[in-house]
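Participant: Questions regarding the structure given below will be posed in turn.
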Amino acid sequence: MRHGPIPGARGRVRPLTLLGDTVLREPCREVTGFGPELAGLVEDLFATMYAARGVGLAANQIGEPLRVFVYDCPDDEDVRHLGHVVNPRLVETDGVVVSGPEGCLSLPGLEAGTERYDHAVVEGFTADGEPVTVHGTGFFARCLQHECDHLEGRLYVDHLTGWRRRRVERQAARADWSRR
């Protein structure tokens, strides 16, 4: 049984920023105002993430250079994790480093084997200003690390080396959405 409104139901779907847009490569600003405007941004993030069929979305992926991300992501045991974090800090990554397929809504249709820790802890706040700590394992840990990277101006391709990186760069350059 669901309590409260469905995340994103009141939000509007916004255009995604794509590889090549400078907002994706700059560290995002801390959120200082917790109020209706922030709540609206979180709603828009959920609406956009669901429309794009993603499992996570950072604010800079819709052109807002603020430290906020949303997620609706399963872990490796298929347990659903749903929420958002404002001013997140990745405070812990540990466990086993796993190479797994990783994609990004800002690089539509592309993915590559990317190494991430299989455990991550993020601390931050809700849109209401309440402290929150999020623990992730497996695929959900990958999601948390990916979204925190976005807020620092990093993309999953920055973790790639050698042929994997060259392949994704070639595919991106040929993609119909590419701005190059």
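To be explicit about the labels: the chains of the structure tokens are called A, B, and onward in the order shown, and within each one the residues are counted from 1, while ligands get numbers from 1 in the order they are shown.
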Within 10 Å of A:Thr133, counting only C-alpha atoms, which residues show up once you throw out same-chain ones fewer than 5 positions away? Write them as a list in words, please.

Facilitator: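 Close residues of A:Thr133: Val85, Pro88, Arg89, Leu90, Val91, Val121, Val122, Glu123, Gly124, Phe125 and Thr126 of chain A.
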
Participant: Mind checking which residues fall within 7 Å of A:Gly153, counting only C-alpha atoms, ignoring those fewer than 6 positions away in the same chain, and posting them as JSON, numbers by chain?

Facilitator: {"A": [24, 25, 26, 27]}

Participant: If you take only C-alpha atoms and a cut-off of 12 Å, which residues of stretch 119-156 of chain A touch stretch 60-65 of chain A, and what are their nearest atom pairs and distances in Å to one decimal, in chain and number order, as JSON lines?

Facilitator:
```
{"residue": "A:Glu147", "atom": "CA", "partner": "A:Gln61", "partner_atom": "CA", "distance": 10.0}
{"residue": "A:Cys148", "atom": "CA", "partner": "A:Asn60", "partner_atom": "CA", "distance": 11.2}
{"residue": "A:Asp149", "atom": "CA", "partner": "A:Asn60", "partner_atom": "CA", "distance": 11.1}
{"residue": "A:His150", "atom": "CA", "partner": "A:Asn60", "partner_atom": "CA", "distance": 7.4}
{"residue": "A:Leu151", "atom": "CA", "partner": "A:Asn60", "partner_atom": "CA", "distance": 7.1}
{"residue": "A:Glu152", "atom": "CA", "partner": "A:Asn60", "partner_atom": "CA", "distance": 9.9}
{"residue": "A:Gly153", "atom": "CA", "partner": "A:Asn60", "partner_atom": "CA", "distance": 8.7}
{"residue": "A:Arg154", "atom": "CA", "partner": "A:Asn60", "partner_atom": "CA", "distance": 11.0}
{"residue": "A:Leu155", "atom": "CA", "partner": "A:Gln61", "partner_atom": "CA", "distance": 10.9}
```

Participant: Between atom CA of A:Glu92 and atom CA of A:Ala120, what is the distance in Å, rounded to a tenth?

Facilitator: 5.4 Å

Participant: Check stretch 3-141 of chain A with DSSP on the backbone and list each residue it calls strand (DSSP E or B), as a PyMOL selection string.

Facilitator: chain A and resi 29+56-58+66+68-74+80-103+111-125+131-137

Participant: Take the residues from that selection and put them in a file with C-alpha atoms, as a PDB file, in the first residue's frame.

Facilitator:
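The result, stored in part_31.pdb:
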```pdb
ATOM      1  CA  ARG A  29      26.191  24.319  -6.206  1.00  0.00           C
ATOM      2  CA  GLY A  56      18.442   7.835 -11.155  1.00  0.00           C
ATOM      3  CA  LEU A  57      18.718  11.454 -12.258  1.00  0.00           C
ATOM      4  CA  ALA A  58      20.826  14.377 -11.075  1.00  0.00           C
ATOM      5  CA  LEU A  66      22.303  22.101  -7.959  1.00  0.00           C
ATOM      6  CA  VAL A  68      20.165  17.136  -5.860  1.00  0.00           C
ATOM      7  CA  PHE A  69      19.411  13.696  -7.246  1.00  0.00           C
ATOM      8  CA  VAL A  70      16.494  11.261  -7.270  1.00  0.00           C
ATOM      9  CA  TYR A  71      16.423   7.481  -7.584  1.00  0.00           C
ATOM     10  CA  ASP A  72      14.054   4.569  -8.037  1.00  0.00           C
ATOM     11  CA  CYS A  73      16.501   1.712  -8.283  1.00  0.00           C
ATOM     12  CA  PRO A  74      16.648  -1.954  -7.337  1.00  0.00           C
ATOM     13  CA  ARG A  80      13.316  -1.302  -4.650  1.00  0.00           C
ATOM     14  CA  HIS A  81      14.950   1.879  -3.313  1.00  0.00           C
ATOM     15  CA  LEU A  82      13.014   5.112  -3.892  1.00  0.00           C
ATOM     16  CA  GLY A  83      13.986   8.598  -2.768  1.00  0.00           C
ATOM     17  CA  HIS A  84      15.990  11.736  -3.259  1.00  0.00           C
ATOM     18  CA  VAL A  85      19.009  13.391  -1.648  1.00  0.00           C
ATOM     19  CA  VAL A  86      19.780  17.100  -1.413  1.00  0.00           C
ATOM     20  CA  ASN A  87      23.421  18.157  -0.889  1.00  0.00           C
ATOM     21  CA  PRO A  88      24.587  14.537  -0.909  1.00  0.00           C
ATOM     22  CA  ARG A  89      28.028  13.485   0.253  1.00  0.00           C
ATOM     23  CA  LEU A  90      29.376  10.082  -0.688  1.00  0.00           C
ATOM     24  CA  VAL A  91      30.788   9.202   2.736  1.00  0.00           C
ATOM     25  CA  GLU A  92      31.697   5.572   2.202  1.00  0.00           C
ATOM     26  CA  THR A  93      32.503   3.201  -0.647  1.00  0.00           C
ATOM     27  CA  ASP A  94      33.831  -0.222   0.107  1.00  0.00           C
ATOM     28  CA  GLY A  95      33.433  -3.905  -0.502  1.00  0.00           C
ATOM     29  CA  VAL A  96      34.314  -5.542  -3.777  1.00  0.00           C
ATOM     30  CA  VAL A  97      35.046  -3.554  -6.932  1.00  0.00           C
ATOM     31  CA  VAL A  98      32.710  -4.895  -9.606  1.00  0.00           C
ATOM     32  CA  SER A  99      32.800  -4.155 -13.320  1.00  0.00           C
ATOM     33  CA  GLY A 100      29.268  -3.992 -14.634  1.00  0.00           C
ATOM     34  CA  PRO A 101      27.309  -2.397 -17.457  1.00  0.00           C
ATOM     35  CA  GLU A 102      26.620   1.267 -16.824  1.00  0.00           C
ATOM     36  CA  GLY A 103      24.696   3.755 -18.906  1.00  0.00           C
ATOM     37  CA  GLU A 111      26.841   1.755 -22.003  1.00  0.00           C
ATOM     38  CA  ALA A 112      30.146   0.277 -20.946  1.00  0.00           C
ATOM     39  CA  GLY A 113      31.561  -2.013 -18.283  1.00  0.00           C
ATOM     40  CA  THR A 114      32.460   0.366 -15.446  1.00  0.00           C
ATOM     41  CA  GLU A 115      34.165  -0.436 -12.157  1.00  0.00           C
ATOM     42  CA  ARG A 116      32.320   0.574  -8.977  1.00  0.00           C
ATOM     43  CA  TYR A 117      32.334  -0.534  -5.358  1.00  0.00           C
ATOM     44  CA  ASP A 118      29.439  -2.813  -4.397  1.00  0.00           C
ATOM     45  CA  HIS A 119      28.639  -0.823  -1.228  1.00  0.00           C
ATOM     46  CA  ALA A 120      28.077   2.918  -0.867  1.00  0.00           C
ATOM     47  CA  VAL A 121      26.741   5.286   1.790  1.00  0.00           C
ATOM     48  CA  VAL A 122      25.416   8.760   0.989  1.00  0.00           C
ATOM     49  CA  GLU A 123      24.473  11.393   3.565  1.00  0.00           C
ATOM     50  CA  GLY A 124      22.447  14.501   2.854  1.00  0.00           C
ATOM     51  CA  PHE A 125      19.002  15.972   3.345  1.00  0.00           C
ATOM     52  CA  PRO A 131      18.927  14.606   7.471  1.00  0.00           C
ATOM     53  CA  VAL A 132      19.004  11.358   5.516  1.00  0.00           C
ATOM     54  CA  THR A 133      21.508   8.510   5.175  1.00  0.00           C
ATOM     55  CA  VAL A 134      21.169   6.102   2.248  1.00  0.00           C
ATOM     56  CA  HIS A 135      22.964   2.729   2.184  1.00  0.00           C
ATOM     57  CA  GLY A 136      23.269   0.930  -1.117  1.00  0.00           C
ATOM     58  CA  THR A 137      24.574  -2.455  -2.194  1.00  0.00           C
TER      59      THR A 137
END
```

Participant: Provide the atom CA of A:Phe46 to atom CA of A:Gly11 distance in Å, to one decimal place.

Facilitator: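 Computed distance, atom CA of A:Phe46 to atom CA of A:Gly11, equals 7.2 Å.
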
Participant: Excluding stretch 166-179 of chain A and its own-chain neighbours fewer than 2 positions away, which residues fall within 8 Å of it when counting only C-alpha atoms? Please give them as a PyMOL selection string.

Facilitator: chain A and resi 18-20+107+110-112+157+161-164

Participant: Can you check which residues of stretch 44-164 of chain A DSSP gives as alpha helix (DSSP H) on the backbone and send them as a ChimeraX atom specification?

Facilitator: /A:44-51,138-151,162-164

Participant: Just to confirm, what's the straight-line distance from atom CA of A:Asp75 to atom CA of A:Asp128 in Å (one decimal)?

Facilitator: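 It comes out at 25.8 Å.
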
Participant: List the neighbours of A:Asp44 out to 8 Å using only C-alpha atoms; skip same-chain residues closer than 3 positions along the sequence, and give me the result as a list in words.

Facilitator: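 That gives Gly8, Arg10, Gly11, Arg12, Val13, Arg14, Gly40, Leu41, Ala47 and Thr48 of chain A.
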
Participant: Could the residues in this selection be saved with N, CA, C and O atoms as a JSON list (two decimals), in the first residue's frame?

Facilitator:
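File written: part-v1.json
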```json
[["chain", "number", "residue", "atom", "x", "y", "z"],
["A", 8, "GLY", "N", 6.83, 12.53, -8.60],
["A", 8, "GLY", "CA", 6.82, 12.97, -9.98],
["A", 8, "GLY", "C", 5.45, 13.22, -10.56],
["A", 8, "GLY", "O", 5.33, 13.78, -11.65],
["A", 10, "ARG", "N", 3.25, 15.33, -9.85],
["A", 10, "ARG", "CA", 2.96, 16.75, -10.03],
["A", 10, "ARG", "C", 4.07, 17.46, -10.80],
["A", 10, "ARG", "O", 4.01, 18.66, -11.00],
["A", 11, "GLY", "N", 5.09, 16.71, -11.20],
["A", 11, "GLY", "CA", 6.23, 17.31, -11.88],
["A", 11, "GLY", "C", 6.01, 17.41, -13.37],
["A", 11, "GLY", "O", 5.10, 16.82, -13.93],
["A", 12, "ARG", "N", 6.89, 18.17, -14.02],
["A", 12, "ARG", "CA", 6.86, 18.24, -15.48],
["A", 12, "ARG", "C", 8.13, 17.62, -16.03],
["A", 12, "ARG", "O", 9.20, 17.73, -15.42],
["A", 13, "VAL", "N", 7.98, 16.97, -17.15],
["A", 13, "VAL", "CA", 9.12, 16.34, -17.81],
["A", 13, "VAL", "C", 9.94, 17.43, -18.49],
["A", 13, "VAL", "O", 9.41, 18.22, -19.27],
["A", 14, "ARG", "N", 11.22, 17.48, -18.15],
["A", 14, "ARG", "CA", 12.10, 18.49, -18.72],
["A", 14, "ARG", "C", 13.07, 17.84, -19.71],
["A", 14, "ARG", "O", 13.38, 16.66, -19.60],
["A", 40, "GLY", "N", 9.52, 21.38, -6.02],
["A", 40, "GLY", "CA", 9.14, 21.33, -7.43],
["A", 40, "GLY", "C", 10.24, 20.73, -8.29],
["A", 40, "GLY", "O", 9.96, 19.96, -9.22],
["A", 41, "LEU", "N", 11.49, 21.08, -7.99],
["A", 41, "LEU", "CA", 12.61, 20.51, -8.73],
["A", 41, "LEU", "C", 12.66, 19.00, -8.54],
["A", 41, "LEU", "O", 12.85, 18.25, -9.50],
["A", 47, "ALA", "N", 9.65, 13.05, -12.49],
["A", 47, "ALA", "CA", 8.85, 12.96, -13.71],
["A", 47, "ALA", "C", 9.75, 12.71, -14.93],
["A", 47, "ALA", "O", 9.44, 11.88, -15.79],
["A", 48, "THR", "N", 10.87, 13.42, -15.00],
["A", 48, "THR", "CA", 11.79, 13.28, -16.12],
["A", 48, "THR", "C", 12.47, 11.92, -16.11],
["A", 48, "THR", "O", 12.59, 11.26, -17.14]]
```

Participant: I'd like to know which of A:Ala9, A:Glu30, A:Pro108, A:Val55 is closest to A:His146, using only C-alpha atoms.

Facilitator: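 Ranking A:Ala9, A:Glu30, A:Pro108, A:Val55 by distance to A:His146, first place goes to A:Val55.
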
Participant: Select, from A:Ala59, A:Cys143, A:Ala52, A:Ala127, the residue with the minimum atom-to-atom distance to A:Glu37, counting only C-alpha atoms.

Facilitator: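 Distance minimum relative to A:Glu37 lands on A:Ala127.
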